[in-house]
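Heads up, query25.tsv below (TSV, C-alpha atoms and all ligand atoms):
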chain	number	residue	atom	x	y	z
T	237	MET	CA	-10.62	-34.71	0.49
T	238	SER	CA	-13.69	-33.13	-1.05
T	239	GLU	CA	-13.81	-29.32	-0.94
T	240	THR	CA	-17.33	-29.56	0.43
T	241	GLU	CA	-16.52	-32.13	3.13
T	242	VAL	CA	-16.78	-30.50	6.55
T	243	LEU	CA	-15.13	-31.68	9.76
T	244	LEU	CA	-16.41	-28.92	12.05
T	245	GLU	CA	-19.20	-26.42	11.52
T	246	LEU	CA	-20.19	-23.61	13.88
T	247	THR	CA	-23.61	-22.08	13.23
T	248	ASP	CA	-24.72	-18.93	15.04
T	249	VAL	CA	-22.73	-19.88	18.17
T	250	LYS	CA	-23.12	-17.57	21.16
T	251	LYS	CA	-21.63	-17.55	24.64
T	252	HIS	CA	-23.01	-14.97	27.04
T	253	PHE	CA	-21.61	-15.14	30.59
T	254	PRO	CA	-24.03	-13.84	33.25
T	255	ILE	CA	-22.85	-11.17	35.69
T	256	ARG	CA	-24.43	-11.69	39.10
T	257	LYS	CA	-24.67	-9.18	41.94
T	258	GLY	CA	-26.14	-8.90	45.43
T	259	VAL	CA	-27.03	-11.42	48.13
T	260	PHE	CA	-29.34	-13.34	45.82
T	261	LYS	CA	-26.81	-13.37	42.97
T	262	LYS	CA	-29.31	-11.75	40.63
T	263	VAL	CA	-28.21	-11.62	36.98
T	264	VAL	CA	-27.71	-7.92	36.19
T	265	ALA	CA	-26.01	-8.15	32.78
T	266	HIS	CA	-24.23	-10.50	30.38
T	267	VAL	CA	-20.73	-10.49	28.90
T	268	LYS	CA	-21.33	-11.27	25.23
T	269	ALA	CA	-18.00	-13.07	24.77
T	270	VAL	CA	-19.13	-14.76	21.54
T	271	ASP	CA	-22.14	-13.40	19.72
T	272	GLY	CA	-23.22	-15.33	16.64
T	273	VAL	CA	-20.18	-16.98	15.09
T	274	ASN	CA	-20.31	-19.11	11.90
T	275	PHE	CA	-17.38	-20.88	10.22
T	276	THR	CA	-16.29	-24.31	9.04
T	277	ILE	CA	-13.10	-26.38	9.11
T	278	ARG	CA	-12.51	-29.05	6.46
T	279	PRO	CA	-10.51	-32.24	7.09
T	280	GLY	CA	-6.76	-31.55	7.01
T	281	GLU	CA	-7.26	-27.76	6.78
T	282	THR	CA	-5.90	-24.98	9.00
T	283	VAL	CA	-8.19	-22.12	9.94
T	284	GLY	CA	-6.66	-19.15	11.76
T	285	LEU	CA	-8.81	-17.37	14.35
T	286	VAL	CA	-7.42	-13.89	14.97
T	287	GLY	CA	-8.30	-10.89	17.11
T	288	GLU	CA	-7.21	-8.67	19.98
T	289	SER	CA	-7.18	-9.97	23.53
T	290	GLY	CA	-10.76	-10.32	24.83
T	291	CYS	CA	-12.40	-10.66	21.39
T	292	GLY	CA	-13.79	-14.11	22.25
T	293	LYS	CA	-11.42	-16.30	20.22
T	294	SER	CA	-10.30	-18.48	23.16
T	295	THR	CA	-13.93	-18.89	24.26
T	296	VAL	CA	-14.68	-20.30	20.79
T	297	GLY	CA	-11.84	-22.82	21.27
T	298	ARG	CA	-13.15	-23.88	24.67
T	299	MET	CA	-16.69	-24.36	23.32
T	300	ILE	CA	-15.32	-26.61	20.56
T	301	MET	CA	-13.55	-28.65	23.26
T	302	GLY	CA	-16.84	-28.97	25.17
T	303	ALA	CA	-15.39	-27.07	28.16
T	304	TYR	CA	-18.00	-24.30	27.83
T	305	ARG	CA	-21.56	-24.99	26.72
T	306	PRO	CA	-22.75	-22.36	24.21
T	307	THR	CA	-25.68	-20.13	25.13
T	308	ALA	CA	-27.07	-20.71	21.62
T	309	GLY	CA	-26.10	-22.22	18.28
T	310	HIS	CA	-24.62	-25.50	17.08
T	311	ILE	CA	-21.12	-26.93	16.87
T	312	TRP	CA	-21.38	-29.85	14.44
T	313	PHE	CA	-18.42	-32.23	14.52
T	314	LYS	CA	-18.04	-35.16	12.10
T	315	PRO	CA	-14.78	-36.93	12.97
T	316	ASP	CA	-15.46	-40.15	11.04
T	317	GLY	CA	-16.91	-38.54	7.90
T	318	LYS	CA	-20.28	-40.18	8.58
T	319	GLN	CA	-22.14	-39.27	11.74
T	320	ARG	CA	-22.11	-35.71	13.07
T	321	THR	CA	-22.62	-34.71	16.71
T	322	ASP	CA	-23.65	-31.31	18.03
T	323	ILE	CA	-21.04	-30.55	20.70
T	324	ALA	CA	-23.21	-27.62	21.84
T	325	SER	CA	-25.97	-29.90	23.11
T	326	ALA	CA	-24.07	-33.19	23.63
T	327	GLU	CA	-24.29	-35.08	26.92
T	328	PRO	CA	-21.06	-35.27	28.97
T	329	SER	CA	-20.71	-38.96	27.94
T	330	GLU	CA	-20.91	-37.96	24.24
T	331	ILE	CA	-18.28	-35.22	24.80
T	332	ARG	CA	-16.00	-37.83	26.43
T	333	ALA	CA	-16.50	-40.13	23.45
T	334	LEU	CA	-15.48	-37.32	21.07
T	335	ARG	CA	-12.45	-36.28	23.16
T	336	PRO	CA	-9.90	-38.47	21.30
T	337	TYR	CA	-10.85	-36.79	18.01
T	338	VAL	CA	-10.44	-33.17	19.13
T	339	GLN	CA	-7.49	-32.15	21.27
T	340	MET	CA	-6.10	-28.84	22.52
T	341	VAL	CA	-2.61	-27.33	22.85
T	342	PHE	CA	-2.29	-24.43	25.27
T	343	GLN	CA	-0.17	-21.27	25.41
T	344	ASP	CA	1.90	-22.28	28.44
T	345	PRO	CA	3.31	-25.79	27.96
T	346	PHE	CA	4.83	-25.84	31.47
T	347	ALA	CA	1.46	-25.26	33.16
T	348	SER	CA	-0.21	-27.99	31.07
T	349	LEU	CA	2.35	-30.74	31.88
T	350	ASN	CA	2.33	-32.55	35.23
T	351	PRO	CA	5.77	-31.79	36.78
T	352	ARG	CA	5.72	-35.10	38.74
T	353	MET	CA	5.38	-37.29	35.65
T	354	THR	CA	8.12	-38.32	33.25
T	355	ILE	CA	7.60	-37.72	29.55
T	356	ARG	CA	6.93	-41.46	29.10
T	357	GLU	CA	4.17	-41.30	31.74
T	358	ILE	CA	2.71	-38.08	30.26
T	359	LEU	CA	2.45	-39.67	26.81
T	360	ALA	CA	1.21	-43.04	28.13
T	361	GLU	CA	-1.58	-41.52	30.25
T	362	PRO	CA	-4.16	-40.76	27.49
T	363	LEU	CA	-3.39	-44.07	25.76
T	364	VAL	CA	-3.92	-46.08	28.96
T	365	VAL	CA	-6.97	-44.13	30.20
T	366	ASN	CA	-8.70	-44.51	26.83
T	367	LYS	CA	-7.59	-48.18	26.53
T	368	VAL	CA	-6.07	-47.53	23.09
T	369	VAL	CA	-2.99	-49.75	23.42
T	370	ARG	CA	-1.05	-51.59	26.10
T	371	GLY	CA	2.13	-53.61	26.59
T	372	ARG	CA	4.64	-53.52	23.73
T	373	ALA	CA	2.23	-51.56	21.48
T	374	LEU	CA	2.05	-48.83	24.14
T	375	GLU	CA	5.82	-48.40	24.15
T	376	ASP	CA	5.86	-48.42	20.33
T	377	ARG	CA	3.21	-45.67	20.19
T	378	ILE	CA	5.12	-43.54	22.75
T	379	ARG	CA	8.31	-43.85	20.69
T	380	GLU	CA	6.40	-43.02	17.51
T	381	LEU	CA	5.00	-39.84	19.13
T	382	VAL	CA	8.41	-38.73	20.39
T	383	GLU	CA	9.87	-39.20	16.93
T	384	LEU	CA	6.94	-37.37	15.30
T	385	VAL	CA	7.62	-34.20	17.33
T	386	GLY	CA	11.39	-34.31	16.88
T	387	LEU	CA	12.45	-35.41	20.38
T	388	LYS	CA	14.73	-38.30	21.29
T	389	ILE	CA	13.96	-41.69	22.90
T	390	GLN	CA	16.40	-40.88	25.72
T	391	HIS	CA	14.18	-37.90	26.68
T	392	LEU	CA	11.38	-40.24	27.80
T	393	GLY	CA	12.70	-40.74	31.36
T	394	ARG	CA	13.08	-37.01	32.09
T	395	TYR	CA	10.67	-34.62	33.78
T	396	PRO	CA	9.19	-31.46	32.15
T	397	HIS	CA	11.49	-29.06	34.08
T	398	ALA	CA	14.49	-30.56	32.27
T	399	PHE	CA	13.32	-29.18	28.91
T	400	SER	CA	13.32	-25.78	27.21
T	401	GLY	CA	10.05	-23.97	26.42
T	402	GLY	CA	10.11	-25.17	22.81
T	403	GLN	CA	10.77	-28.78	23.82
T	404	ARG	CA	7.93	-28.63	26.35
T	405	GLN	CA	5.57	-27.42	23.64
T	406	ARG	CA	6.72	-30.38	21.49
T	407	ILE	CA	5.80	-32.70	24.40
T	408	SER	CA	2.36	-31.02	24.67
T	409	ILE	CA	1.82	-31.55	20.95
T	410	ALA	CA	2.91	-35.21	21.21
T	411	ARG	CA	0.44	-35.77	24.05
T	412	ALA	CA	-2.34	-34.07	22.06
T	413	LEU	CA	-1.59	-36.36	19.08
T	414	ALA	CA	-1.54	-39.58	21.15
T	415	LEU	CA	-5.16	-40.53	20.45
T	416	TYR	CA	-5.04	-39.92	16.66
T	417	PRO	CA	-7.17	-36.71	16.72
T	418	ARG	CA	-8.76	-35.26	13.57
T	419	LEU	CA	-8.69	-31.66	14.87
T	420	LEU	CA	-6.17	-29.82	17.06
T	421	VAL	CA	-7.27	-26.55	18.69
T	422	ALA	CA	-4.06	-24.59	19.28
T	423	ASP	CA	-4.64	-21.55	21.54
T	424	GLU	CA	-1.69	-19.13	21.18
T	425	PRO	CA	0.67	-22.15	21.16
T	426	THR	CA	3.79	-20.11	20.41
T	427	SER	CA	3.22	-16.81	22.22
T	428	ALA	CA	5.20	-17.92	25.32
T	429	LEU	CA	8.20	-18.91	23.16
T	430	ASP	CA	11.17	-17.05	21.68
T	431	VAL	CA	10.73	-15.93	18.07
T	432	SER	CA	13.26	-18.48	16.73
T	433	VAL	CA	11.53	-21.30	18.62
T	434	GLN	CA	8.11	-20.10	17.38
T	435	ALA	CA	9.20	-20.79	13.81
T	436	GLN	CA	10.35	-24.31	14.76
T	437	ILE	CA	6.99	-25.12	16.36
T	438	VAL	CA	5.06	-23.75	13.37
T	439	ASN	CA	7.22	-25.81	10.98
T	440	LEU	CA	6.71	-28.88	13.16
T	441	ALA	CA	2.93	-28.36	13.07
T	442	LEU	CA	3.02	-28.07	9.26
T	443	GLU	CA	5.14	-31.24	8.93
T	444	ILE	CA	2.74	-33.17	11.16
T	445	GLN	CA	-0.19	-31.92	9.11
T	446	ASP	CA	1.48	-33.20	5.92
T	447	ARG	CA	2.20	-36.58	7.50
T	448	ILE	CA	-1.10	-37.34	9.20
T	449	GLY	CA	-3.64	-34.97	7.58
T	450	LEU	CA	-4.61	-33.23	10.81
T	451	ALA	CA	-6.89	-30.15	10.82
T	452	TYR	CA	-5.99	-27.15	13.01
T	453	LEU	CA	-7.88	-24.27	14.52
T	454	PHE	CA	-4.97	-21.91	15.16
T	455	ILE	CA	-5.97	-19.18	17.63
T	456	SER	CA	-3.62	-16.20	17.72
T	457	HIS	CA	-3.37	-12.43	18.00
T	458	ASP	CA	-0.41	-12.56	15.56
T	459	LEU	CA	-1.50	-12.00	11.95
T	460	GLY	CA	1.99	-12.82	10.63
T	461	LEU	CA	2.09	-16.26	12.21
T	462	VAL	CA	-1.41	-17.04	11.05
T	463	ARG	CA	-0.69	-16.01	7.47
T	464	HIS	CA	1.95	-18.69	6.94
T	465	PHE	CA	-0.03	-21.35	8.65
T	466	SER	CA	-3.67	-20.93	7.63
T	467	LYS	CA	-5.66	-21.65	4.53
T	468	ARG	CA	-8.54	-19.52	5.71
T	469	ILE	CA	-8.66	-16.78	8.34
T	470	VAL	CA	-11.46	-15.63	10.64
T	471	LEU	CA	-11.11	-12.17	12.23
T	472	MET	CA	-13.11	-11.47	15.37
T	473	TYR	CA	-13.94	-8.20	17.07
T	474	VAL	CA	-15.89	-8.07	20.36
T	475	GLY	CA	-17.47	-11.51	19.98
T	476	LYS	CA	-18.38	-11.22	16.30
T	477	ILE	CA	-16.73	-12.20	13.03
T	478	VAL	CA	-15.87	-9.07	11.05
T	479	GLU	CA	-14.02	-10.73	8.15
T	480	TYR	CA	-13.61	-14.32	6.94
T	481	ALA	CA	-11.58	-15.17	3.86
T	482	PRO	CA	-8.91	-17.38	2.29
T	483	ALA	CA	-5.48	-16.16	3.46
T	484	GLU	CA	-4.10	-14.69	0.25
T	485	PRO	CA	-7.10	-12.54	-0.83
T	486	LEU	CA	-7.37	-11.30	2.75
T	487	PHE	CA	-3.76	-10.07	2.86
T	488	ASN	CA	-3.95	-8.76	-0.67
T	489	ARG	CA	-7.20	-6.83	-0.30
T	490	PRO	CA	-8.86	-6.70	3.13
T	491	LEU	CA	-12.56	-5.83	3.08
T	492	HIS	CA	-12.97	-4.57	6.64
T	493	PRO	CA	-11.39	-1.44	8.21
T	494	TYR	CA	-10.44	-3.40	11.36
T	495	THR	CA	-8.38	-5.83	9.28
T	496	GLU	CA	-6.72	-2.93	7.47
T	497	ALA	CA	-5.79	-1.35	10.81
T	498	LEU	CA	-4.28	-4.60	12.13
T	499	MET	CA	-2.27	-5.03	8.93
T	500	SER	CA	-1.01	-1.45	9.00
T	501	ASN	CA	0.60	-2.18	12.38
T	502	VAL	CA	2.62	-5.16	11.14
T	503	PRO	CA	6.30	-4.13	10.70
T	504	THR	CA	7.00	-3.15	7.07
T	505	THR	CA	9.97	-3.79	4.81
T	506	ARG	CA	9.34	-0.40	3.13
T	507	PRO	CA	10.59	2.44	5.39
T	508	GLU	CA	8.68	5.09	3.38
T	509	LEU	CA	5.41	3.44	4.53
T	510	VAL	CA	6.16	3.46	8.27
T	511	GLY	CA	4.04	6.61	8.75
T	512	ARG	CA	0.97	4.85	7.31
T	513	ARG	CA	0.23	3.02	10.55
T	514	ILE	CA	-3.44	3.32	11.50
T	515	ILE	CA	-3.71	4.11	15.20
T	516	LEU	CA	-7.07	2.87	16.40
T	517	LYS	CA	-8.88	5.37	18.63
T	518	GLY	CA	-9.83	4.28	22.13
T	519	GLU	CA	-10.20	0.78	23.51
T	520	PRO	CA	-12.01	-2.26	22.09
T	521	ALA	CA	-15.75	-2.09	22.76
T	522	ASP	CA	-17.11	-3.37	26.06
T	523	PRO	CA	-18.65	-6.85	25.50
T	524	ILE	CA	-21.11	-6.15	28.36
T	525	ASN	CA	-22.50	-3.12	26.61
T	526	PRO	CA	-21.29	-3.02	22.99
T	527	PRO	CA	-22.09	0.10	20.94
T	528	ALA	CA	-25.24	0.16	18.83
T	529	GLY	CA	-24.86	-0.50	15.11
T	530	CYS	CA	-21.41	-1.62	14.01
T	531	PRO	CA	-19.42	-2.46	17.19
T	532	PHE	CA	-16.30	-1.05	15.51
T	533	HIS	CA	-17.84	2.35	14.66
T	534	PRO	CA	-16.36	4.39	17.58
T	535	ARG	CA	-12.85	3.47	16.34
T	536	CYS	CA	-13.43	3.38	12.59
T	537	ASN	CA	-11.97	6.07	10.33
T	538	TYR	CA	-14.58	5.33	7.65
T	539	ALA	CA	-17.70	5.41	9.88
T	540	GLN	CA	-20.81	7.15	8.55
T	541	GLU	CA	-24.19	7.86	10.10
T	542	ILE	CA	-25.69	4.43	9.37
T	543	CYS	CA	-22.79	2.74	11.20
T	544	SER	CA	-23.99	3.91	14.63
T	545	THR	CA	-27.51	2.58	14.18
T	546	VAL	CA	-27.58	-0.44	11.84
T	547	VAL	CA	-25.63	-3.64	12.60
T	548	PRO	CA	-23.75	-4.71	9.43
T	549	GLU	CA	-24.41	-8.31	8.40
T	550	LEU	CA	-21.50	-10.62	7.56
T	551	ARG	CA	-21.92	-10.79	3.76
T	552	GLU	CA	-20.08	-12.57	0.95
T	553	ILE	CA	-18.51	-9.71	-1.01
T	554	GLU	CA	-16.28	-11.83	-3.26
T	555	PRO	CA	-16.34	-15.64	-3.64
T	556	GLY	CA	-15.47	-17.05	-0.21
T	557	HIS	CA	-14.58	-13.58	1.16
T	558	LEU	CA	-17.04	-12.26	3.76
T	559	SER	CA	-17.08	-8.89	5.51
T	560	ALA	CA	-19.32	-7.28	8.13
T	561	CYS	CA	-18.98	-3.70	6.88
T	562	HIS	CA	-21.73	-1.60	5.23
T	563	PHE	CA	-19.17	-0.21	2.79
T	564	ALA	CA	-17.06	-3.29	2.04
T	565	GLU	CA	-17.65	-2.98	-1.73
T	566	SER	CA	-16.77	0.70	-2.00
T	567	LEU	CA	-13.86	1.13	0.42
T	568	ASN	CA	-10.45	0.72	-1.18
T	569	LEU	CA	-8.54	-0.70	1.77
T	570	THR	CA	-4.81	-1.36	1.81
T	571	GLY	CA	-3.59	-4.88	2.57
T	572	CYS	CA	-0.32	-6.32	3.72
T	573	ASP	CA	0.96	-6.92	0.21
T	574	ALA	CA	0.83	-3.19	-0.66
T	575	LEU	CA	2.20	-2.26	2.79
T	576	GLY	CA	5.22	-4.53	2.40
T	577	CYS	CA	4.44	-6.31	5.67
T	578	ALA	CA	7.42	-8.23	6.95
T	579	ILE	CA	5.45	-11.47	7.29
T	601	LIG	FE1	-16.49	1.17	9.81
T	601	LIG	FE2	-19.08	1.51	9.28
T	601	LIG	FE3	-17.74	-0.48	8.14
T	601	LIG	FE4	-18.29	-0.55	10.75
T	601	LIG	S1	-19.77	-0.61	9.08
T	601	LIG	S2	-16.39	-1.05	9.78
T	601	LIG	S3	-18.08	1.59	11.28
T	601	LIG	S4	-17.39	1.72	7.82

Starting from the file, lay out its structure as structure tokens.
Amino acid sequence: MSETEVLLELTDVKKHFPIRKGVFKKVVAHVKAVDGVNFTIRPGETVGLVGESGCGKSTVGRMIMGAYRPTAGHIWFKPDGKQRTDIASAEPSEIRALRPYVQMVFQDPFASLNPRMTIREILAEPLVVNKVVRGRALEDRIRELVELVGLKIQHLGRYPHAFSGGQRQRISIARALALYPRLLVADEPTSALDVSVQAQIVNLALEIQDRIGLAYLFISHDLGLVRHFSKRIVLMYVGKIVEYAPAEPLFNRPLHPYTEALMSNVPTTRPELVGRRIILKGEPADPINPPAGCPFHPRCNYAQEICSTVVPELREIEPGHLSACHFAESLNLTGCDALGCAI
């Protein structure tokens, strides 16, 4: 894989949901769920998309899947390494044609599996509908998928309710892999699972990536999980990217106060540092009416006058390490490595 080869590229992607009121459903405001997001995913790479609930990360995932059409921007997808398609403006028929190449795994595996279908039927469905294989080859592919996710052939005749949460998530992953995708969008895929099972699912995802070279967009609120899984990490706050960097430099030396605050709240292995937690003031900004200037300024311990009037651009501060903070170069922020984060 070339370092410059790109599988997915988001450029200035926005999603503003209208709020309508009155008899005539007049648009009175917009929820700026995603407000100008740029990042790339290379073939076989994992990018972690992190932020608090409501920051817009799941909306980004749904736009990549073609479930939401962006208000503005482009989502370029090049699954075959040759021709790229803009998912943002693609016709429904083009989205359907791309569907095998980009698949999604959801938070709640039970809700995403049809309780009236056996595991064999669940795995066969996408293969039959998309006319990928039939007959003996269909059964071979189903058995291959079951083996890939660490389940047994004898599980194929059972229904979803007969499995644990972790096993159900394995079935969801197997179904998502059925059509040989190039990109898997995983939206909080482990947050409904026990901690011990979370680790198994993450290890499974890494093994699959090694075996078939799949790329992941791993959406999570959990910095610890994302650290072990992602090559690069995107941090979002109220619809915007505030920091974007390779995993290790980010954890070693964050360049945005929001990232520092999130890291300070990760459990530490050094008891003397427990008191260093940064408690963020107030609630996340309202995406209907975000504050002027830097959207983080009402909660930021480092805010200065300029922060309440001028929007900070997302700038490259170090090679490949971008921050949307006016003072990214001069602040000496503390990362997980110095805090002894237990992740
Ligand atoms: Fe804080 Fe100002 Fe940087 Fe925003 S721009 S993160 S308010 S210091």

Would you pick out the contacts of T:Pro531 at 9 Å or less, using all atoms listed in the file, so that residues sharing its chain but fewer than 4 positions from it are not included, and give the list as a ChimeraX atom specification? /T:473-474,476,520-521,526-527,535,543-544,547

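Once all atoms listed in the file are used for the distance check, the residues close to ligand LIG 601 (chain T) at 8 Å turn out to be His492, Pro493, Tyr494, Gly529, Cys530, Pro531, Phe532, His533, Pro534, Arg535, Cys536, Asn537, Tyr538, Ala539, Gln540, Ile542, Cys543, Ser544, Val547, Pro548, Ala560, Cys561, His562, Phe563 and Ala564 of chain T.
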
Spatial neighbours of T:Leu471, 12 Å, all atoms listed in the file, chain gap at least 3 places, as a PyMOL selection string: chain T and resi 273-275+283-288+291-293+454-459+462+468+474-483+486+490-496+498-499+550+557-560

Can you list, as a list of chain:residue names, every protein, DNA or RNA residue that comes within 9 Å of T:Val249 when you count all atoms listed in the file, leaving out same-chain residues fewer than 3 positions away?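 Contacts, in chain order: T:Leu246, T:Val270, T:Asp271, T:Gly272, T:Val273, T:Asn274, T:Val296, T:Pro306, T:Thr307, T:Ala308, T:Gly309, T:His310, T:Ile311, T:Ala324.
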
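Atom to atom, atom CA of T:Glu327 and atom CA of T:Met301 stand 13.0 Å apart.
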
For T:Ile255, which residue among T:Leu419, T:Ile407, T:Ile524, T:Leu575 is the nearest when counting all atoms listed in the file?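 Going through T:Leu419, T:Ile407, T:Ile524, T:Leu575 one by one, the smallest distance to T:Ile255 is for T:Ile524.
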
Between atom CA of T:Ser500 and atom CA of T:Phe487 - distance in Å to one decimal: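 Going from atom CA of T:Phe487 over to atom CA of T:Ser500, I get 10.9 Å.
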
Which residues come within 9 Å of stretch 374-389 of chain T, counting only C-alpha atoms, excluding same-chain residues fewer than 2 positions away, as an MDAnalysis selection string? chainID T and resid 356 359:360 363:364 368:372 391:393 403 406:407 409:411 413:414 440:441 444

If you count only C-alpha atoms, which residues fall within 9 Å of T:Val242, apart from same-chain ones fewer than 4 positions away, as a list in words?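 In the requested format, the answer is Ser238, Thr276, Ile277, Arg278, Pro279, Phe313, Lys314 and Gly317 of chain T.
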
Just how far from atom CA of T:Ala412 is atom CA of T:Lys367, in Å to one decimal? 15.7 Å

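Using only C-alpha atoms, the nearest neighbour of T:Ser466 within the list T:Val438, T:Ile323, T:Asn488, T:Ser408 is T:Val438.
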